[in-house]
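So this one's coords_9.cif, mmCIF, C-alpha atoms:
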data_work
#
loop_
_atom_site.label_atom_id
_atom_site.label_comp_id
_atom_site.auth_asym_id
_atom_site.auth_seq_id
_atom_site.Cartn_x
_atom_site.Cartn_y
_atom_site.Cartn_z
CA MET R 1 28.49 -113.61 -21.58
CA SER R 2 26.42 -114.69 -24.59
CA LYS R 3 25.06 -111.71 -26.40
CA GLN R 4 21.32 -111.44 -26.11
CA ILE R 5 19.45 -108.16 -26.11
CA GLU R 6 16.11 -108.23 -24.33
CA PHE R 7 13.95 -105.46 -25.72
CA PHE R 8 11.13 -104.54 -23.33
CA TRP R 9 8.65 -102.58 -25.34
CA GLU R 10 5.20 -101.05 -25.25
CA PRO R 11 3.07 -100.10 -28.30
CA GLY R 12 2.02 -96.79 -26.78
CA SER R 13 5.57 -95.54 -26.29
CA SER R 14 6.91 -93.15 -28.92
CA TYR R 15 10.56 -93.70 -28.08
CA THR R 16 9.93 -97.44 -28.35
CA TYR R 17 8.85 -96.85 -31.93
CA LEU R 18 12.08 -94.99 -32.67
CA ALA R 19 14.24 -97.63 -31.01
CA ALA R 20 12.42 -100.52 -32.68
CA THR R 21 13.41 -99.19 -36.08
CA GLN R 22 17.09 -99.50 -35.10
CA ILE R 23 17.34 -102.44 -32.71
CA GLU R 24 17.47 -105.24 -35.28
CA LYS R 25 20.44 -103.67 -37.06
CA ILE R 26 22.20 -103.07 -33.74
CA ALA R 27 21.74 -106.70 -32.74
CA THR R 28 23.08 -107.86 -36.10
CA ASP R 29 26.04 -105.45 -36.00
CA CYS R 30 26.97 -106.59 -32.50
CA GLY R 31 26.44 -110.30 -33.12
CA ALA R 32 23.63 -110.40 -30.56
CA THR R 33 20.31 -112.20 -30.59
CA LEU R 34 17.19 -110.21 -29.90
CA ALA R 35 14.28 -111.10 -27.60
CA TRP R 36 11.15 -108.97 -28.05
CA LYS R 37 9.40 -108.61 -24.70
CA PRO R 38 6.12 -106.70 -24.82
CA PHE R 39 5.03 -105.40 -21.42
CA LEU R 40 2.42 -103.05 -19.98
CA LEU R 41 4.10 -99.73 -19.30
CA GLY R 42 1.03 -98.40 -17.50
CA LYS R 43 1.37 -101.12 -14.87
CA VAL R 44 5.02 -100.22 -14.41
CA PHE R 45 4.12 -96.55 -13.93
CA GLU R 46 1.57 -97.65 -11.30
CA ALA R 47 4.19 -99.74 -9.51
CA ARG R 48 6.69 -96.85 -9.55
CA LYS R 49 4.02 -94.34 -8.48
CA THR R 50 4.88 -92.20 -11.48
CA SER R 51 3.13 -91.10 -14.64
CA LEU R 52 3.93 -90.79 -18.29
CA PRO R 53 6.52 -88.09 -19.15
CA ALA R 54 3.99 -86.29 -21.36
CA ALA R 55 1.97 -85.50 -18.21
CA ILE R 56 4.10 -82.34 -17.80
CA PRO R 57 2.78 -79.94 -20.49
CA ALA R 58 6.13 -78.24 -21.19
CA LYS R 59 7.72 -81.67 -21.58
CA ALA R 60 4.97 -82.99 -23.83
CA GLN R 61 5.42 -80.05 -26.18
CA TYR R 62 9.17 -80.57 -26.31
CA MET R 63 8.85 -84.32 -26.77
CA PHE R 64 6.95 -84.12 -30.01
CA GLN R 65 9.60 -81.75 -31.37
CA ASP R 66 12.26 -84.17 -30.20
CA LEU R 67 10.51 -87.12 -31.85
CA ALA R 68 10.35 -85.19 -35.12
CA ARG R 69 14.12 -84.62 -34.95
CA TRP R 70 14.78 -88.32 -34.37
CA ALA R 71 12.44 -89.20 -37.23
CA GLN R 72 14.62 -87.01 -39.46
CA VAL R 73 17.81 -88.67 -38.23
CA TYR R 74 16.38 -92.16 -38.70
CA GLN R 75 14.51 -91.17 -41.87
CA ILE R 76 11.25 -92.77 -40.73
CA PRO R 77 7.62 -91.59 -40.91
CA LEU R 78 6.10 -90.01 -37.80
CA ALA R 79 2.45 -89.20 -37.17
CA GLN R 80 0.58 -87.56 -34.34
CA PRO R 81 -1.60 -90.46 -33.11
CA LYS R 82 -5.35 -89.94 -33.30
CA VAL R 83 -5.66 -91.34 -29.77
CA PHE R 84 -3.05 -90.72 -27.05
CA PRO R 85 -2.48 -92.32 -24.68
CA VAL R 86 -3.87 -95.45 -26.28
CA HIS R 87 -5.31 -98.54 -24.63
CA SER R 88 -2.59 -100.98 -25.65
CA LEU R 89 -3.61 -104.23 -23.96
CA LEU R 90 -4.90 -105.95 -27.08
CA ALA R 91 -1.97 -104.77 -29.20
CA SER R 92 0.48 -106.07 -26.61
CA ARG R 93 -1.28 -109.42 -26.50
CA THR R 94 -1.16 -109.71 -30.29
CA ALA R 95 2.55 -108.94 -30.10
CA ILE R 96 3.05 -111.90 -27.77
CA ALA R 97 0.78 -114.07 -29.91
CA ALA R 98 2.74 -113.22 -33.05
CA GLY R 99 5.91 -114.16 -31.17
CA HIS R 100 4.44 -117.60 -30.50
CA LEU R 101 3.85 -117.89 -34.23
CA GLY R 102 7.48 -116.95 -34.96
CA HIS R 103 6.88 -113.35 -36.02
CA ALA R 104 7.76 -111.21 -33.00
CA ALA R 105 9.83 -108.67 -34.91
CA LYS R 106 7.48 -108.23 -37.86
CA ALA R 107 4.47 -107.86 -35.59
CA ALA R 108 6.23 -105.29 -33.38
CA GLN R 109 7.15 -103.20 -36.40
CA ALA R 110 3.60 -103.50 -37.78
CA ILE R 111 2.00 -102.35 -34.51
CA LEU R 112 4.43 -99.52 -33.82
CA GLY R 113 4.36 -98.40 -37.44
CA ALA R 114 0.56 -98.29 -37.52
CA TYR R 115 0.42 -96.21 -34.37
CA TRP R 116 3.45 -93.90 -34.55
CA GLY R 117 4.16 -93.98 -38.26
CA GLU R 118 0.52 -93.63 -39.39
CA GLY R 119 -1.30 -92.38 -36.30
CA GLN R 120 -3.92 -95.15 -36.33
CA ASP R 121 -5.92 -96.23 -33.30
CA ILE R 122 -4.29 -99.54 -32.42
CA SER R 123 -6.78 -100.25 -29.65
CA GLN R 124 -9.12 -101.35 -32.48
CA GLU R 125 -9.07 -104.98 -33.59
CA ALA R 126 -9.73 -104.04 -37.23
CA VAL R 127 -6.72 -101.72 -37.27
CA LEU R 128 -4.43 -104.43 -35.92
CA LEU R 129 -5.82 -106.98 -38.35
CA ALA R 130 -5.15 -104.70 -41.30
CA ALA R 131 -1.67 -103.78 -40.06
CA PHE R 132 -0.63 -107.43 -39.68
CA ASN R 133 -2.08 -108.42 -43.04
CA LYS R 134 -0.30 -105.49 -44.70
CA ALA R 135 2.95 -106.73 -43.14
CA GLY R 136 2.39 -110.14 -44.77
CA LEU R 137 1.32 -111.83 -41.54
CA ASP R 138 -1.86 -113.79 -40.85
CA GLY R 139 -3.75 -111.16 -38.89
CA ALA R 140 -6.74 -113.38 -38.11
CA ALA R 141 -4.53 -116.12 -36.68
CA ILE R 142 -2.63 -113.62 -34.52
CA LEU R 143 -5.82 -112.05 -33.17
CA ALA R 144 -7.26 -115.49 -32.37
CA LYS R 145 -4.09 -116.55 -30.58
CA ALA R 146 -4.07 -113.30 -28.60
CA GLN R 147 -7.07 -114.62 -26.65
CA GLU R 148 -5.25 -117.70 -25.35
CA PRO R 149 -4.54 -117.79 -21.60
CA ALA R 150 -0.86 -118.57 -22.19
CA VAL R 151 -0.50 -115.36 -24.19
CA LYS R 152 -2.29 -113.25 -21.58
CA ASP R 153 -0.16 -114.83 -18.84
CA GLU R 154 3.06 -114.11 -20.68
CA LEU R 155 2.24 -110.41 -20.99
CA ARG R 156 1.51 -110.26 -17.26
CA LEU R 157 4.74 -112.13 -16.48
CA ASN R 158 6.80 -109.84 -18.73
CA THR R 159 5.35 -106.86 -16.89
CA GLU R 160 6.11 -108.35 -13.48
CA GLU R 161 9.61 -109.20 -14.65
CA ALA R 162 10.14 -105.63 -15.85
CA ILE R 163 9.11 -104.26 -12.46
CA ARG R 164 11.33 -106.77 -10.62
CA ARG R 165 14.35 -105.90 -12.78
CA GLY R 166 14.09 -102.16 -12.25
CA VAL R 167 12.35 -100.99 -15.42
CA PHE R 168 10.65 -97.60 -15.09
CA GLY R 169 10.14 -96.57 -18.73
CA ALA R 170 10.15 -97.79 -22.33
CA PRO R 171 11.92 -98.98 -24.26
CA THR R 172 14.27 -100.73 -21.86
CA MET R 173 17.03 -102.96 -23.13
CA PHE R 174 18.92 -105.52 -21.09
CA TRP R 175 22.17 -107.25 -21.84
CA GLY R 176 22.35 -109.68 -18.94
CA ASP R 177 21.89 -107.52 -15.85
CA ALA R 178 22.97 -104.31 -17.56
CA MET R 179 19.95 -102.11 -18.19
CA PHE R 180 19.70 -99.37 -20.82
CA TRP R 181 16.69 -97.07 -20.90
CA GLY R 182 15.47 -95.25 -23.94
CA ASN R 183 16.00 -94.88 -27.65
CA ASP R 184 18.78 -92.43 -26.78
CA ARG R 185 20.78 -95.15 -25.04
CA LEU R 186 21.02 -97.45 -28.08
CA GLU R 187 24.51 -96.12 -28.78
CA MET R 188 25.51 -96.85 -25.18
CA LEU R 189 24.15 -100.40 -25.50
CA LYS R 190 26.19 -100.78 -28.65
CA LEU R 191 29.38 -99.55 -26.96
CA ALA R 192 28.80 -102.06 -24.16
CA LEU R 193 28.11 -104.96 -26.52
CA GLN R 194 31.25 -104.07 -28.46
CA GLY R 195 33.30 -104.05 -25.24
CA LYS R 196 34.14 -100.36 -25.58
CA ILE R 197 32.72 -99.49 -22.16
CA ALA R 198 32.08 -101.54 -19.03
CA ALA R 199 28.32 -101.99 -18.85
CA MET N 1 20.52 -67.22 -37.96
CA SER N 2 23.71 -66.28 -36.08
CA LYS N 3 25.00 -69.24 -34.19
CA GLN N 4 24.78 -68.77 -30.47
CA ILE N 5 24.24 -71.61 -28.05
CA GLU N 6 22.58 -70.61 -24.79
CA PHE N 7 23.52 -73.15 -22.15
CA PHE N 8 21.06 -73.09 -19.24
CA TRP N 9 22.77 -74.91 -16.42
CA GLU N 10 22.50 -75.77 -12.73
CA PRO N 11 25.38 -76.84 -10.48
CA GLY N 12 23.32 -79.58 -8.83
CA SER N 13 22.51 -81.35 -12.11
CA SER N 14 24.64 -84.37 -12.97
CA TYR N 15 23.81 -84.33 -16.66
CA THR N 16 24.76 -80.66 -16.73
CA TYR N 17 28.21 -81.69 -15.53
CA LEU N 18 28.51 -84.20 -18.37
CA ALA N 19 27.30 -81.72 -20.98
CA ALA N 20 29.51 -78.91 -19.71
CA THR N 21 32.61 -81.00 -20.41
CA GLN N 22 31.59 -81.17 -24.10
CA ILE N 23 29.76 -77.95 -24.89
CA GLU N 24 32.78 -75.73 -25.51
CA LYS N 25 34.17 -78.11 -28.12
CA ILE N 26 30.76 -78.41 -29.77
CA ALA N 27 30.44 -74.62 -29.99
CA THR N 28 33.91 -74.36 -31.50
CA ASP N 29 33.31 -77.21 -33.96
CA CYS N 30 30.03 -75.64 -35.10
CA GLY N 31 31.32 -72.06 -35.27
CA ALA N 32 28.90 -71.00 -32.54
CA THR N 33 29.33 -68.67 -29.60
CA LEU N 34 28.39 -69.91 -26.17
CA ALA N 35 26.38 -68.09 -23.48
CA TRP N 36 26.51 -69.67 -20.03
CA LYS N 37 23.19 -69.11 -18.27
CA PRO N 38 23.06 -70.39 -14.68
CA PHE N 39 19.51 -70.82 -13.39
CA LEU N 40 17.75 -72.37 -10.41
CA LEU N 41 16.43 -75.77 -11.47
CA GLY N 42 14.52 -76.17 -8.21
CA LYS N 43 12.41 -73.13 -9.06
CA VAL N 44 11.69 -74.57 -12.49
CA PHE N 45 10.57 -77.86 -10.95
CA GLU N 46 8.27 -75.86 -8.65
CA ALA N 47 6.82 -73.98 -11.62
CA ARG N 48 6.26 -77.24 -13.54
CA LYS N 49 4.83 -78.98 -10.46
CA THR N 50 7.36 -81.76 -10.90
CA SER N 51 10.33 -83.08 -8.95
CA LEU N 52 13.85 -84.18 -9.70
CA PRO N 53 14.15 -87.42 -11.72
CA ALA N 54 16.07 -89.10 -8.90
CA ALA N 55 12.89 -88.93 -6.78
CA ILE N 56 11.86 -92.29 -8.32
CA PRO N 57 14.10 -94.88 -6.56
CA ALA N 58 14.40 -97.25 -9.55
CA LYS N 59 15.34 -94.29 -11.74
CA ALA N 60 17.87 -92.92 -9.26
CA GLN N 61 19.65 -96.26 -9.16
CA TYR N 62 19.77 -96.47 -12.93
CA MET N 63 20.89 -92.88 -13.29
CA PHE N 64 24.09 -93.31 -11.38
CA GLN N 65 24.94 -96.32 -13.54
CA ASP N 66 24.14 -94.26 -16.61
CA LEU N 67 26.35 -91.39 -15.41
CA ALA N 68 29.21 -93.82 -14.88
CA ARG N 69 28.85 -95.00 -18.47
CA TRP N 70 28.92 -91.44 -19.80
CA ALA N 71 31.96 -90.70 -17.65
CA GLN N 72 33.70 -93.62 -19.39
CA VAL N 73 32.70 -92.36 -22.82
CA TYR N 74 33.83 -88.81 -22.04
CA GLN N 75 36.81 -89.99 -20.00
CA ILE N 76 36.07 -87.66 -17.11
CA PRO N 77 36.14 -88.18 -13.32
CA LEU N 78 32.84 -88.87 -11.56
CA ALA N 79 32.17 -88.89 -7.83
CA GLN N 80 29.14 -89.64 -5.68
CA PRO N 81 28.52 -86.21 -4.09
CA LYS N 82 28.72 -86.06 -0.30
CA VAL N 83 25.50 -84.03 -0.29
CA PHE N 84 22.63 -84.59 -2.75
CA PRO N 85 20.57 -82.72 -3.62
CA VAL N 86 22.77 -79.74 -2.80
CA HIS N 87 21.73 -76.18 -1.95
CA SER N 88 23.10 -74.51 -5.08
CA LEU N 89 22.03 -70.87 -4.66
CA LEU N 90 25.46 -69.53 -3.69
CA ALA N 91 27.26 -71.59 -6.34
CA SER N 92 24.87 -70.31 -9.02
CA ARG N 93 25.41 -66.74 -7.88
CA THR N 94 29.19 -67.16 -8.03
CA ALA N 95 28.76 -68.54 -11.55
CA ILE N 96 26.98 -65.34 -12.60
CA ALA N 97 29.54 -63.22 -10.74
CA ALA N 98 32.41 -64.97 -12.49
CA GLY N 99 30.67 -64.29 -15.79
CA HIS N 100 30.65 -60.58 -14.98
CA LEU N 101 34.38 -60.87 -14.42
CA GLY N 102 34.84 -62.56 -17.82
CA HIS N 103 35.24 -66.12 -16.56
CA ALA N 104 31.86 -67.80 -17.07
CA ALA N 105 33.24 -70.98 -18.62
CA LYS N 106 36.12 -71.52 -16.21
CA ALA N 107 33.89 -70.92 -13.20
CA ALA N 108 31.22 -73.31 -14.48
CA GLN N 109 33.79 -76.05 -14.99
CA ALA N 110 35.30 -75.37 -11.54
CA ILE N 111 31.92 -75.60 -9.78
CA LEU N 112 30.66 -78.65 -11.66
CA GLY N 113 34.04 -80.37 -11.37
CA ALA N 114 34.21 -79.80 -7.60
CA TYR N 115 30.72 -81.22 -7.11
CA TRP N 116 30.41 -84.02 -9.68
CA GLY N 117 34.06 -84.75 -10.36
CA GLU N 118 35.20 -84.66 -6.71
CA GLY N 119 32.00 -84.97 -4.71
CA GLN N 120 32.60 -81.84 -2.65
CA ASP N 121 29.86 -79.88 -0.89
CA ILE N 122 29.55 -76.82 -3.10
CA SER N 123 27.01 -75.18 -0.80
CA GLN N 124 30.06 -74.21 1.30
CA GLU N 125 31.80 -70.91 0.61
CA ALA N 126 35.22 -72.36 1.47
CA VAL N 127 34.75 -75.15 -1.08
CA LEU N 128 33.85 -72.69 -3.83
CA LEU N 129 36.75 -70.39 -2.89
CA ALA N 130 39.24 -73.27 -3.13
CA ALA N 131 37.74 -74.55 -6.39
CA PHE N 132 38.00 -71.14 -8.06
CA ASN N 133 41.53 -70.53 -6.80
CA LYS N 134 42.57 -73.98 -8.02
CA ALA N 135 41.19 -73.09 -11.45
CA GLY N 136 43.40 -69.98 -11.53
CA LEU N 137 40.56 -67.58 -10.78
CA ASP N 138 40.32 -64.99 -8.00
CA GLY N 139 37.97 -66.86 -5.69
CA ALA N 140 37.69 -64.03 -3.16
CA ALA N 141 36.71 -61.51 -5.84
CA ILE N 142 34.09 -63.88 -7.26
CA LEU N 143 32.56 -64.58 -3.85
CA ALA N 144 32.43 -60.85 -3.06
CA LYS N 145 30.77 -60.07 -6.38
CA ALA N 146 28.23 -62.86 -5.83
CA GLN N 147 26.63 -60.70 -3.13
CA GLU N 148 25.87 -57.80 -5.49
CA PRO N 149 22.18 -57.17 -6.24
CA ALA N 150 22.80 -57.17 -9.99
CA VAL N 151 24.18 -60.70 -9.76
CA LYS N 152 21.30 -61.95 -7.63
CA ASP N 153 18.83 -60.32 -10.03
CA GLU N 154 20.41 -61.93 -13.06
CA LEU N 155 20.07 -65.40 -11.57
CA ARG N 156 16.41 -64.74 -10.85
CA LEU N 157 15.87 -63.38 -14.36
CA ASN N 158 17.62 -66.36 -15.97
CA THR N 159 15.31 -68.66 -14.01
CA GLU N 160 12.21 -66.73 -15.05
CA GLU N 161 13.42 -66.75 -18.64
CA ALA N 162 13.94 -70.51 -18.51
CA ILE N 163 10.39 -71.04 -17.27
CA ARG N 164 8.98 -68.68 -19.90
CA ARG N 165 10.86 -70.45 -22.69
CA GLY N 166 9.66 -73.93 -21.77
CA VAL N 167 12.61 -75.33 -19.83
CA PHE N 168 11.74 -78.25 -17.53
CA GLY N 169 15.15 -79.78 -16.81
CA ALA N 170 18.91 -79.27 -17.04
CA PRO N 171 20.98 -78.79 -18.98
CA THR N 172 18.87 -77.09 -21.63
CA MET N 173 20.44 -75.65 -24.74
CA PHE N 174 18.84 -73.15 -27.07
CA TRP N 175 19.80 -72.19 -30.57
CA GLY N 176 17.37 -69.36 -31.22
CA ASP N 177 13.96 -70.80 -30.38
CA ALA N 178 15.04 -74.41 -30.86
CA MET N 179 15.34 -76.11 -27.49
CA PHE N 180 17.44 -79.18 -26.74
CA TRP N 181 17.18 -80.88 -23.37
CA GLY N 182 19.88 -82.98 -21.81
CA ASN N 183 23.43 -84.10 -22.25
CA ASP N 184 22.08 -86.81 -24.53
CA ARG N 185 20.81 -84.23 -27.00
CA LEU N 186 24.20 -82.60 -27.65
CA GLU N 187 24.56 -84.65 -30.83
CA MET N 188 21.13 -83.46 -31.96
CA LEU N 189 22.11 -79.84 -31.26
CA LYS N 190 25.23 -80.42 -33.32
CA LEU N 191 23.25 -81.86 -36.24
CA ALA N 192 20.97 -78.82 -36.14
CA LEU N 193 23.84 -76.32 -35.98
CA GLN N 194 25.50 -78.10 -38.88
CA GLY N 195 22.29 -77.91 -40.90
CA LYS N 196 21.92 -81.68 -41.08
CA ILE N 197 18.43 -81.66 -39.55
CA ALA N 198 15.74 -79.00 -39.31
CA ALA N 199 15.75 -77.86 -35.70
#
Could you show the structure in this file as C-alpha cells?
Amino acid sequence: MSKQIEFFWEPGSSYTYLAATQIEKIATDCGATLAWKPFLLGKVFEARKTSLPAAIPAKAQYMFQDLARWAQVYQIPLAQPKVFPVHSLLASRTAIAAGHLGHAAKAAQAILGAYWGEGQDISQEAVLLAAFNKAGLDGAAILAKAQEPAVKDELRLNTEEAIRRGVFGAPTMFWGDAMFWGNDRLEMLKLALQGKIAA
Amino acid sequence: MSKQIEFFWEPGSSYTYLAATQIEKIATDCGATLAWKPFLLGKVFEARKTSLPAAIPAKAQYMFQDLARWAQVYQIPLAQPKVFPVHSLLASRTAIAAGHLGHAAKAAQAILGAYWGEGQDISQEAVLLAAFNKAGLDGAAILAKAQEPAVKDELRLNTEEAIRRGVFGAPTMFWGDAMFWGNDRLEMLKLALQGKIAA
C-alpha cells in the first residue's frame, strides 16, 4: 500500500491545530505523502446528530487545560480565540483555494496559527488576507480563488466524503481505509505506517 | 506536592481497562502512590446530561478498532463483551470491598480482565466470584463485604466526588487538582509527575 496520509481538517478545531503542527514531520519520517483535505466539521456533526465536545461545560473547561499541556509538549503558541466557535466557511474555502495554487500546507498552518496560535477572528476576510501575506503567500489571489465554484464544490465534496468514510470529529487521518481520529492518535498512525501495529 | 495518583475507574469502560494495565507501572516509575477509586460512570453521564461515546454509531465502530490497536501496543487480550453496556453496580461494589480487604489493585485487574479481556458478563455474581478466585483472592469474602452499607456508601461518595471535581468520563486520573482524562493521557500524566510539563 503506497503511503499517503489524508488529513481531514477544520480551521475551528483546536486539536486540528495541534496535529497540523506535527503532521508534516510525521509524513516525512514515515516516507508518506500528505493530502490536506479541509472539510466542514459542523456539517459532519449535523449528519452524526452530535455536537461539538465543548458543548459539555465540564469537558470544555478540561479541554482548554489539555490544549495548554499539548502546547507545552509541542512548544507552540496557544491563544484563547476571540470568537468560538467560529464561522469557518470562508477560511476552509481559502484553504482549498491555496491548495489549487500549490500551497495547501502553508495556508493550513497560516489559518490555524492565526486562530489558535494568535486568537484572531478568522471569519474575517482581512484577517485571512493578513495571515496569508505574513506567511509569504499571495493573500489576494487566494481570497479571489476561494470564490470559484470548483473550490466551493471541493469543500462540499470533502465534507460528503468525510461523512461517507465514517468521520465524526477533527482532525481525522486516513491511511487507505484505516482511520485515526485526533491529535492524540498521531503516534498510533505512526506505528501503523511504520508497520509496528496492524492498522 | 506528594505524589499520589487517584485513579477514578468504572468496570464498564473499555479505556479504563487499557489504562488499568499501565497505571501501576506508571505510578512506580514516577514514585507515586496509587489510589483506586471505583465510581459509577452512568451517574456522571446523568449529571453531565451526556451519554456514552459509543452512542454515536460511527464513533462506536471506530472505537473498537481503536481499542484493538491499543491492545496491540500494550500486548494485552481484548474481547468483545457479551453484554454492553453492562450493569456494573455489583462489580463496582466488589471493587470497593476488595479495597477494604487490601486488594484494590488485584480486584480491579480481575474485574476489568474478566469483562474486557475475556468478554464475560460481570453483572453476574458467579462470574465475579470465579474471577476473584482465579486471581488468588477470596471471592466469597469480597462478595459478602460488597453488601455492607459502608461499601455502598463509599461508591456513592466516590461518584459524588467525581462529579464535584469535574469528571465527565473514565478513566480519570488526578494528581492533586490536576485532572487527566483517558487512557490516552497517561503519557501526559507521566510528564506532569516527572516535572516535564506544568500540570
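Contact shell of range 155-172 of chain R at 8 Å (only C-alpha atoms; same-chain neighbours under 6 positions omitted): Phe7, Phe8, Trp9, Glu10, Ser13, Tyr15, Thr16, Ala19, Lys37, Pro38, Phe39, Leu40, Leu41, Lys43, Val44, Phe45, Ala47, Arg48, Ser92, Arg93, Ile96, Met179, Phe180, Trp181, Gly182 and Asn183 of chain R; Ala58 and Lys59 of chain N.
When only C-alpha atoms are used to compute distances to chain N, the closest of the residues R:Pro77, R:Gly31, R:Gly42, R:Pro57 turns out to be R:Pro57.
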Query raised in the report: Hey, what's within 12 Å of Ala144 in chain N if we count all atoms listed in the file and toss same-chain stuff fewer than 3 positions away? As a PyMOL selection string, please?
Result: chain N and resi 90+93-94+96-98+101+125+128-129+138-141+147-149+151
Report task. For Gln194 in chain R, work out the shell of residues within 12 Å, counting only C-alpha atoms and skipping chain neighbours fewer than 5 positions away, then give it as number ranges by chain. Result -> R: 3, 26-32, 175, 187-189, 199
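The smallest atom-to-atom distance between chain N and any of R:Glu154, R:Glu46, R:Glu24, R:Asp121, using all atoms listed in the file, is found for R:Glu46.
Minimum distance to chain R across N:His103, N:Lys190, N:Arg185, N:Lys152 (counting only C-alpha atoms) occurs at N:Arg185.
When CA of Tyr74 in chain R is paired with CA of Asp184 in chain R, their separation reads 12.2 Å.
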Query raised in the report: In terms of the shortest atom-to-atom distance over all atoms listed in the file, which of N:Ala105, N:Ala198, N:Ala131, N:Ala91 is closest to Lys25 in chain N?
Result: N:Ala105
Requested in this report: Could you state which residues are captured by the PyMOL selection byres ((chain N and resi 110) around 12) in this file, as an NGL selection string?
Outcome: :N and (11 or 17 or 20-21 or 91-92 or 94-95 or 98 or 103-109 or 111-118 or 120 or 122 or 127-137 or 139)
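Of the listed residues (N:Ala126, N:Gln4, N:Ser14, N:Asp177), N:Ser14 comes nearest to Gln65 in chain N; the distances count all atoms listed in the file.
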Query raised in the report: Suppose you want the space between CA of Ala71 in chain N and CA of Leu52 in chain N; what is it in Å?
Result: 20.8 Å
